[in-house]
Amino acid sequence: YVGDNIYPSGVTSTADAQFQTKFEIPYAALNYPFYMILGNHDYDNTYDLVRAQAQVDYTAYSTRWVMPDRTYTLTTGDVTIIGIDTQEIDQGFGAAQEPWIANELANATTTWKLVMGHHPYISNGMHGNAGTYDGHVGQGVNVENFISTYVCGQADVYFCGHDHNLQWLEPTCGTEFIVSGAAAGGNPLVGT
């Protein structure tokens with residue numbers, strides 16, 4: 001899950017009924033872990049840390065919801081998965097993630113290094129590319145700078161959402177970019 005997990009405004013606590021109606025019940029037949037990261041709507045489209053923490057804390061209540069923290073690294077087989085919090089980065093509070101992700105990627109010994117965040121670096125969706133989200137120069141520049149510096153050429157694939165559609169874009173800067181954000185509702189491609 002690449003964010004906007006509980007759409008449109010996240011949850012208020014681990015007891016929020018939306019965990020059942022929007023995750024546990026619809027996916028009851030799928031018995032495997034879901035690796036989650038946060039999106040802007042999980043923060044109520046602001047930077048509401050209570051809503052974000054409720055999703056982290058829900059990991060203790062579910063056998064399938066996996067979000068040990070707002071940022072985390074998991075290794076499974078020959079794959080390292082690094083979850084970043086692009087809402088935090090976008091809002092200008094992501095400085096602590098910079099040395100952390102640099103260290104995680106540098107020390108990963110697996111063949112595959114995958115990073116998942118919510119906001120795209122490049123996208124043909126309605127939000128568009130980082131640095132010019134929604135057609136506004138400078139919008140998303142923090143995400144653009146972070147991914148340019150710490151993900152490009154360091155990770156094999158960057159998975160994201162935000163644009164609620166499916167895209168596998170041309171490799172850029174030594175990294176593959178996949179938008180897989182259709183879980184909370186679909187939007188058309190506009191930049192194709």
# chains A, B, ... in the order shown; residues from 1 in each chain; ligands from 1
call {"tool": "residues_around", "arguments": {"residues": "Asp69 of chain A", "least_positions_apart": "6", "cutoff": "10 Å", "atoms": "only C-alpha atoms", "output": "ChimeraX atom specification"}}
result
/A:36-38,52-53,55-57,59,83-85
call {"tool": "write_last_selection", "arguments": {"atoms": "C-alpha atoms", "output": "CSV table (one decimal), in the first residue's frame"}}
result
chain,number,residue,atom,x,y,z
A,36,MET,CA,1.8,0.0,4.4
A,37,ILE,CA,3.1,3.6,4.2
A,38,LEU,CA,1.3,6.9,4.8
A,52,ALA,CA,-0.6,9.0,11.2
A,53,GLN,CA,0.3,7.3,14.5
A,55,GLN,CA,-2.1,3.7,11.5
A,56,VAL,CA,1.3,2.8,12.8
A,57,ASP,CA,-0.2,1.5,16.1
A,59,THR,CA,0.0,-3.0,13.3
A,83,GLY,CA,9.1,2.8,3.3
A,84,ILE,CA,9.5,6.6,3.4
A,85,ASP,CA,7.0,9.2,4.6
call {"tool": "closest_atom_pairs", "arguments": {"of": "segment 138-181 of chain A", "to": "segment 131-134 of chain A", "cutoff": "7 Å", "atoms": "only C-alpha atoms", "output": "Markdown table"}}
result
| residue | atom | partner | partner_atom | distance |
| --- | --- | --- | --- | --- |
| A:Gly138 | CA | A:Gly131 | CA | 4.8 |
| A:Gln139 | CA | A:Gly131 | CA | 5.1 |
| A:Gly140 | CA | A:Gly131 | CA | 4.5 |
| A:Val141 | CA | A:Gly131 | CA | 4.0 |
| A:Glu144 | CA | A:Gly131 | CA | 5.7 |
call {"tool": "write_last_selection", "arguments": {"atoms": "all heavy atoms", "output": "short mmCIF file (atom, residue, chain, number, x, y, z; two decimals), in the first residue's frame"}}
result
data_model
loop_
_atom_site.label_atom_id
_atom_site.label_comp_id
_atom_site.auth_asym_id
_atom_site.auth_seq_id
_atom_site.Cartn_x
_atom_site.Cartn_y
_atom_site.Cartn_z
N GLY A 138 7.26 24.74 -7.97
CA GLY A 138 7.70 24.72 -6.58
C GLY A 138 6.91 23.78 -5.69
O GLY A 138 7.37 23.42 -4.61
N GLN A 139 5.72 23.38 -6.13
CA GLN A 139 4.92 22.48 -5.30
C GLN A 139 5.49 21.07 -5.41
O GLN A 139 5.62 20.52 -6.49
CB GLN A 139 3.46 22.50 -5.71
CG GLN A 139 2.57 21.79 -4.70
CD GLN A 139 1.09 22.08 -4.94
OE1 GLN A 139 0.72 22.94 -5.71
NE2 GLN A 139 0.26 21.32 -4.26
N GLY A 140 5.85 20.50 -4.26
CA GLY A 140 6.47 19.18 -4.24
C GLY A 140 7.97 19.22 -4.41
O GLY A 140 8.60 18.20 -4.62
N VAL A 141 8.57 20.39 -4.31
CA VAL A 141 10.01 20.51 -4.52
C VAL A 141 10.80 19.75 -3.44
O VAL A 141 11.88 19.23 -3.71
CB VAL A 141 10.47 21.99 -4.64
CG1 VAL A 141 10.41 22.71 -3.29
CG2 VAL A 141 11.85 22.08 -5.25
N GLU A 144 10.83 16.26 -4.66
CA GLU A 144 11.72 16.20 -5.82
C GLU A 144 13.18 16.15 -5.37
O GLU A 144 13.96 15.30 -5.83
CB GLU A 144 11.49 17.42 -6.72
CG GLU A 144 12.42 17.47 -7.91
CD GLU A 144 12.25 18.74 -8.72
OE1 GLU A 144 11.95 19.80 -8.14
OE2 GLU A 144 12.45 18.67 -9.95
#
call {"tool": "closest_residue", "arguments": {"among": "A:Ala96, A:Val2, A:Tyr150, A:Tyr58", "to": "Asn165 of chain A", "atoms": "only C-alpha atoms"}}
result
A:Val2
call {"tool": "closest_atom_pairs", "arguments": {"of": "segment 40-109 of chain A", "to": "segment 116-119 of chain A", "cutoff": "12 Å", "atoms": "only C-alpha atoms", "output": "JSON lines"}}
result
{"residue": "A:Asn40", "atom": "CA", "partner": "A:His118", "partner_atom": "CA", "distance": 7.7}
{"residue": "A:His41", "atom": "CA", "partner": "A:His118", "partner_atom": "CA", "distance": 10.1}
{"residue": "A:Asp42", "atom": "CA", "partner": "A:His118", "partner_atom": "CA", "distance": 10.4}
{"residue": "A:Tyr43", "atom": "CA", "partner": "A:His118", "partner_atom": "CA", "distance": 11.8}
{"residue": "A:Arg70", "atom": "CA", "partner": "A:Gly117", "partner_atom": "CA", "distance": 10.5}
{"residue": "A:Thr71", "atom": "CA", "partner": "A:Gly117", "partner_atom": "CA", "distance": 9.3}
{"residue": "A:Tyr72", "atom": "CA", "partner": "A:Met116", "partner_atom": "CA", "distance": 10.1}
{"residue": "A:Thr73", "atom": "CA", "partner": "A:Met116", "partner_atom": "CA", "distance": 10.2}
{"residue": "A:Leu74", "atom": "CA", "partner": "A:Met116", "partner_atom": "CA", "distance": 11.5}
{"residue": "A:Thr80", "atom": "CA", "partner": "A:Met116", "partner_atom": "CA", "distance": 10.8}
{"residue": "A:Ile81", "atom": "CA", "partner": "A:Met116", "partner_atom": "CA", "distance": 7.4}
{"residue": "A:Ile82", "atom": "CA", "partner": "A:Met116", "partner_atom": "CA", "distance": 6.2}
{"residue": "A:Gly83", "atom": "CA", "partner": "A:Met116", "partner_atom": "CA", "distance": 4.9}
{"residue": "A:Ile84", "atom": "CA", "partner": "A:Gly117", "partner_atom": "CA", "distance": 5.1}
{"residue": "A:Asp85", "atom": "CA", "partner": "A:Gly117", "partner_atom": "CA", "distance": 6.1}
{"residue": "A:Thr86", "atom": "CA", "partner": "A:Gly117", "partner_atom": "CA", "distance": 5.8}
{"residue": "A:Gln87", "atom": "CA", "partner": "A:His118", "partner_atom": "CA", "distance": 7.4}
{"residue": "A:Glu88", "atom": "CA", "partner": "A:His118", "partner_atom": "CA", "distance": 10.4}
{"residue": "A:Ile89", "atom": "CA", "partner": "A:His119", "partner_atom": "CA", "distance": 9.6}
{"residue": "A:Asp90", "atom": "CA", "partner": "A:His119", "partner_atom": "CA", "distance": 8.4}
{"residue": "A:Gln91", "atom": "CA", "partner": "A:His119", "partner_atom": "CA", "distance": 11.7}
{"residue": "A:Ile101", "atom": "CA", "partner": "A:Met116", "partner_atom": "CA", "distance": 11.6}
call {"tool": "write_last_selection", "arguments": {"atoms": "C-alpha atoms", "output": "tab-separated table (two decimals), in the first residue's frame"}}
result
chain	number	residue	atom	x	y	z
A	40	ASN	CA	-1.42	12.77	2.44
A	41	HIS	CA	-5.03	11.68	3.06
A	42	ASP	CA	-3.91	9.44	5.94
A	43	TYR	CA	-2.78	12.67	7.60
A	70	ARG	CA	6.16	5.99	9.66
A	71	THR	CA	9.46	5.01	7.99
A	72	TYR	CA	10.92	1.52	8.09
A	73	THR	CA	13.06	-1.08	6.37
A	74	LEU	CA	12.18	-4.73	5.84
A	80	THR	CA	15.07	-4.78	0.80
A	81	ILE	CA	11.90	-2.68	1.10
A	82	ILE	CA	12.26	0.84	2.45
A	83	GLY	CA	9.12	2.78	3.32
A	84	ILE	CA	9.47	6.57	3.43
A	85	ASP	CA	7.03	9.24	4.61
A	86	THR	CA	6.70	11.66	1.70
A	87	GLN	CA	3.95	13.68	3.38
A	88	GLU	CA	6.46	14.54	6.10
A	89	ILE	CA	9.05	15.36	3.41
A	90	ASP	CA	6.56	17.40	1.38
A	91	GLN	CA	5.58	19.43	4.45
A	101	ILE	CA	17.62	6.40	3.97
call {"tool": "closest_residue", "arguments": {"among": "A:Glu24, A:Asp16, A:Asp163, A:Glu176", "to": "Ser62 of chain A", "atoms": "only C-alpha atoms"}}
result
A:Glu24
call {"tool": "select_by_dssp", "arguments": {"residues": "segment 20-129 of chain A", "states": "strand (DSSP E)", "output": "PDB file with N, CA, C and O atoms, in the first residue's frame"}}
result
ATOM      1  N   PHE A  34       0.352  -6.978   4.362  1.00  0.00           N
ATOM      2  CA  PHE A  34       0.234  -5.778   3.543  1.00  0.00           C
ATOM      3  C   PHE A  34       1.202  -4.757   4.127  1.00  0.00           C
ATOM      4  O   PHE A  34       1.008  -4.296   5.251  1.00  0.00           O
ATOM      5  N   TYR A  35       2.233  -4.404   3.381  1.00  0.00           N
ATOM      6  CA  TYR A  35       3.215  -3.426   3.842  1.00  0.00           C
ATOM      7  C   TYR A  35       2.681  -2.037   3.507  1.00  0.00           C
ATOM      8  O   TYR A  35       2.459  -1.707   2.342  1.00  0.00           O
ATOM      9  N   TRP A  65      -1.823  -6.067   8.517  1.00  0.00           N
ATOM     10  CA  TRP A  65      -1.437  -4.660   8.360  1.00  0.00           C
ATOM     11  C   TRP A  65      -0.042  -4.498   8.945  1.00  0.00           C
ATOM     12  O   TRP A  65       0.170  -4.695  10.135  1.00  0.00           O
ATOM     13  N   VAL A  66       0.947  -4.148   8.123  1.00  0.00           N
ATOM     14  CA  VAL A  66       2.325  -4.022   8.581  1.00  0.00           C
ATOM     15  C   VAL A  66       2.815  -2.591   8.339  1.00  0.00           C
ATOM     16  O   VAL A  66       3.019  -2.181   7.192  1.00  0.00           O
ATOM     17  N   TYR A  72      10.387   2.796   7.636  1.00  0.00           N
ATOM     18  CA  TYR A  72      10.919   1.520   8.092  1.00  0.00           C
ATOM     19  C   TYR A  72      11.605   0.792   6.947  1.00  0.00           C
ATOM     20  O   TYR A  72      11.429   1.132   5.780  1.00  0.00           O
ATOM     21  N   THR A  73      12.385  -0.211   7.322  1.00  0.00           N
ATOM     22  CA  THR A  73      13.061  -1.079   6.369  1.00  0.00           C
ATOM     23  C   THR A  73      12.746  -2.519   6.713  1.00  0.00           C
ATOM     24  O   THR A  73      12.802  -2.907   7.882  1.00  0.00           O
ATOM     25  N   LEU A  74      12.410  -3.294   5.694  1.00  0.00           N
ATOM     26  CA  LEU A  74      12.178  -4.732   5.841  1.00  0.00           C
ATOM     27  C   LEU A  74      13.008  -5.459   4.800  1.00  0.00           C
ATOM     28  O   LEU A  74      13.157  -4.981   3.672  1.00  0.00           O
ATOM     29  N   THR A  75      13.516  -6.602   5.170  1.00  0.00           N
ATOM     30  CA  THR A  75      14.211  -7.449   4.217  1.00  0.00           C
ATOM     31  C   THR A  75      13.467  -8.765   4.156  1.00  0.00           C
ATOM     32  O   THR A  75      13.180  -9.368   5.183  1.00  0.00           O
ATOM     33  N   THR A  76      13.142  -9.172   2.943  1.00  0.00           N
ATOM     34  CA  THR A  76      12.483 -10.444   2.731  1.00  0.00           C
ATOM     35  C   THR A  76      13.174 -11.122   1.549  1.00  0.00           C
ATOM     36  O   THR A  76      13.230 -10.558   0.452  1.00  0.00           O
ATOM     37  N   VAL A  79      15.290  -9.126  -1.176  1.00  0.00           N
ATOM     38  CA  VAL A  79      14.696  -7.815  -1.435  1.00  0.00           C
ATOM     39  C   VAL A  79      14.713  -6.975  -0.152  1.00  0.00           C
ATOM     40  O   VAL A  79      14.295  -7.444   0.904  1.00  0.00           O
ATOM     41  N   THR A  80      15.184  -5.760  -0.276  1.00  0.00           N
ATOM     42  CA  THR A  80      15.069  -4.777   0.803  1.00  0.00           C
ATOM     43  C   THR A  80      13.970  -3.803   0.415  1.00  0.00           C
ATOM     44  O   THR A  80      13.987  -3.244  -0.685  1.00  0.00           O
ATOM     45  N   ILE A  81      13.016  -3.613   1.314  1.00  0.00           N
ATOM     46  CA  ILE A  81      11.901  -2.685   1.096  1.00  0.00           C
ATOM     47  C   ILE A  81      12.052  -1.551   2.103  1.00  0.00           C
ATOM     48  O   ILE A  81      12.112  -1.790   3.309  1.00  0.00           O
ATOM     49  N   ILE A  82      12.113  -0.340   1.590  1.00  0.00           N
ATOM     50  CA  ILE A  82      12.258   0.838   2.448  1.00  0.00           C
ATOM     51  C   ILE A  82      11.023   1.710   2.261  1.00  0.00           C
ATOM     52  O   ILE A  82      10.730   2.156   1.149  1.00  0.00           O
ATOM     53  N   GLY A  83      10.297   1.926   3.343  1.00  0.00           N
ATOM     54  CA  GLY A  83       9.118   2.778   3.316  1.00  0.00           C
ATOM     55  C   GLY A  83       9.473   4.166   3.836  1.00  0.00           C
ATOM     56  O   GLY A  83      10.013   4.297   4.932  1.00  0.00           O
ATOM     57  N   TRP A 112      17.851  -6.691  -4.721  1.00  0.00           N
ATOM     58  CA  TRP A 112      16.836  -5.702  -5.058  1.00  0.00           C
ATOM     59  C   TRP A 112      16.634  -4.731  -3.907  1.00  0.00           C
ATOM     60  O   TRP A 112      16.484  -5.146  -2.761  1.00  0.00           O
ATOM     61  N   LYS A 113      16.608  -3.448  -4.246  1.00  0.00           N
ATOM     62  CA  LYS A 113      16.350  -2.390  -3.269  1.00  0.00           C
ATOM     63  C   LYS A 113      15.142  -1.594  -3.763  1.00  0.00           C
ATOM     64  O   LYS A 113      15.215  -0.936  -4.802  1.00  0.00           O
ATOM     65  N   LEU A 114      14.037  -1.707  -3.033  1.00  0.00           N
ATOM     66  CA  LEU A 114      12.792  -1.057  -3.407  1.00  0.00           C
ATOM     67  C   LEU A 114      12.454   0.006  -2.380  1.00  0.00           C
ATOM     68  O   LEU A 114      12.546  -0.243  -1.178  1.00  0.00           O
ATOM     69  N   VAL A 115      12.058   1.175  -2.849  1.00  0.00           N
ATOM     70  CA  VAL A 115      11.608   2.245  -1.958  1.00  0.00           C
ATOM     71  C   VAL A 115      10.154   2.512  -2.287  1.00  0.00           C
ATOM     72  O   VAL A 115       9.765   2.557  -3.459  1.00  0.00           O
ATOM     73  N   MET A 116       9.345   2.657  -1.240  1.00  0.00           N
ATOM     74  CA  MET A 116       7.953   3.024  -1.457  1.00  0.00           C
ATOM     75  C   MET A 116       7.642   4.278  -0.661  1.00  0.00           C
ATOM     76  O   MET A 116       8.009   4.420   0.495  1.00  0.00           O
TER      77      MET A 116
END
call {"tool": "atom_distance", "arguments": {"atom1": "atom CA of Thr63 of chain A", "atom2": "atom CA of Asp48 of chain A"}}
result
25.3 Å
call {"tool": "select_by_dssp", "arguments": {"residues": "segment 7-134 of chain A", "states": "helix (DSSP H, G or I)", "output": "PyMOL selection string"}}
result
chain A and resi 18-24+40-43+49-61+86-90+97-107+133-134
call {"tool": "residues_around", "arguments": {"residues": "Ile6 of chain A", "least_positions_apart": "3", "cutoff": "9 Å", "atoms": "only C-alpha atoms", "output": "list in words"}}
result
Gly3, Ser9, Gly10, Val11, Gln18, Phe19, Lys22, Phe23, His41, Asp42 and Ala184 of chain A
call {"tool": "write_last_selection", "arguments": {"atoms": "N, CA and C atoms", "output": "compact mmCIF listing (two decimals), in the first residue's frame"}}
result
# COMPACT_ATOMS: atom_id res chain seq x y z
N GLY A 3 0.11 4.45 0.45
CA GLY A 3 -0.53 5.62 1.03
C GLY A 3 -1.95 5.84 0.58
N SER A 9 -9.86 10.73 4.78
CA SER A 9 -9.29 11.54 5.87
C SER A 9 -8.57 10.73 6.93
N GLY A 10 -8.13 9.52 6.61
CA GLY A 10 -7.42 8.70 7.58
C GLY A 10 -8.33 8.24 8.70
N VAL A 11 -7.73 7.88 9.83
CA VAL A 11 -8.46 7.39 11.00
C VAL A 11 -8.11 8.26 12.20
N GLN A 18 -13.23 2.32 10.32
CA GLN A 18 -12.74 2.28 8.94
C GLN A 18 -11.66 1.21 8.73
N PHE A 19 -10.92 0.84 9.77
CA PHE A 19 -9.96 -0.26 9.61
C PHE A 19 -10.69 -1.53 9.20
N LYS A 22 -12.73 -0.67 5.53
CA LYS A 22 -11.89 -0.33 4.36
C LYS A 22 -10.64 -1.18 4.22
N PHE A 23 -10.38 -2.07 5.19
CA PHE A 23 -9.22 -2.94 5.06
C PHE A 23 -9.53 -4.38 5.45
N HIS A 41 -3.68 11.81 2.50
CA HIS A 41 -5.03 11.68 3.06
C HIS A 41 -5.03 10.92 4.39
N ASP A 42 -4.02 10.11 4.64
CA ASP A 42 -3.91 9.44 5.94
C ASP A 42 -3.61 10.44 7.05
N ALA A 184 -7.67 3.61 -3.63
CA ALA A 184 -8.68 4.45 -3.01
C ALA A 184 -9.60 5.12 -4.03
call {"tool": "decode", "arguments": {"residues": "segment 91-102 of chain A", "atoms": "N, CA, C and O atoms", "output": "compact mmCIF listing (two decimals), in the first residue's frame"}}
result
# COMPACT_ATOMS: atom_id res chain seq x y z
N GLN A 91 5.91 18.34 3.52
CA GLN A 91 5.58 19.43 4.45
C GLN A 91 6.81 20.12 5.03
O GLN A 91 6.69 21.07 5.79
N GLY A 92 8.01 19.64 4.67
CA GLY A 92 9.25 20.29 5.11
C GLY A 92 9.80 19.76 6.42
O GLY A 92 10.68 20.40 7.02
N PHE A 93 9.32 18.59 6.86
CA PHE A 93 9.76 18.02 8.14
C PHE A 93 10.56 16.73 7.95
O PHE A 93 10.68 15.95 8.89
N GLY A 94 11.11 16.49 6.78
CA GLY A 94 11.73 15.21 6.48
C GLY A 94 13.23 15.13 6.64
O GLY A 94 13.84 14.15 6.21
N ALA A 95 13.86 16.09 7.28
CA ALA A 95 15.33 16.10 7.38
C ALA A 95 15.88 14.84 8.04
O ALA A 95 16.94 14.34 7.65
N ALA A 96 15.19 14.30 9.03
CA ALA A 96 15.68 13.10 9.72
C ALA A 96 15.69 11.88 8.80
O ALA A 96 16.45 10.93 9.03
N GLN A 97 14.87 11.90 7.76
CA GLN A 97 14.85 10.76 6.83
C GLN A 97 16.07 10.75 5.91
O GLN A 97 16.40 9.70 5.36
N GLU A 98 16.73 11.88 5.74
CA GLU A 98 17.85 11.96 4.79
C GLU A 98 19.02 11.05 5.18
O GLU A 98 19.39 10.18 4.39
N PRO A 99 19.62 11.21 6.36
CA PRO A 99 20.73 10.30 6.69
C PRO A 99 20.25 8.87 6.88
O PRO A 99 20.97 7.91 6.59
N TRP A 100 19.01 8.70 7.35
CA TRP A 100 18.47 7.37 7.57
C TRP A 100 18.38 6.59 6.26
O TRP A 100 18.88 5.46 6.17
N ILE A 101 17.77 7.16 5.22
CA ILE A 101 17.62 6.40 3.97
C ILE A 101 18.96 6.20 3.29
O ILE A 101 19.21 5.14 2.71
N ALA A 102 19.84 7.19 3.38
CA ALA A 102 21.18 7.02 2.80
C ALA A 102 21.88 5.83 3.43
O ALA A 102 22.49 5.00 2.74
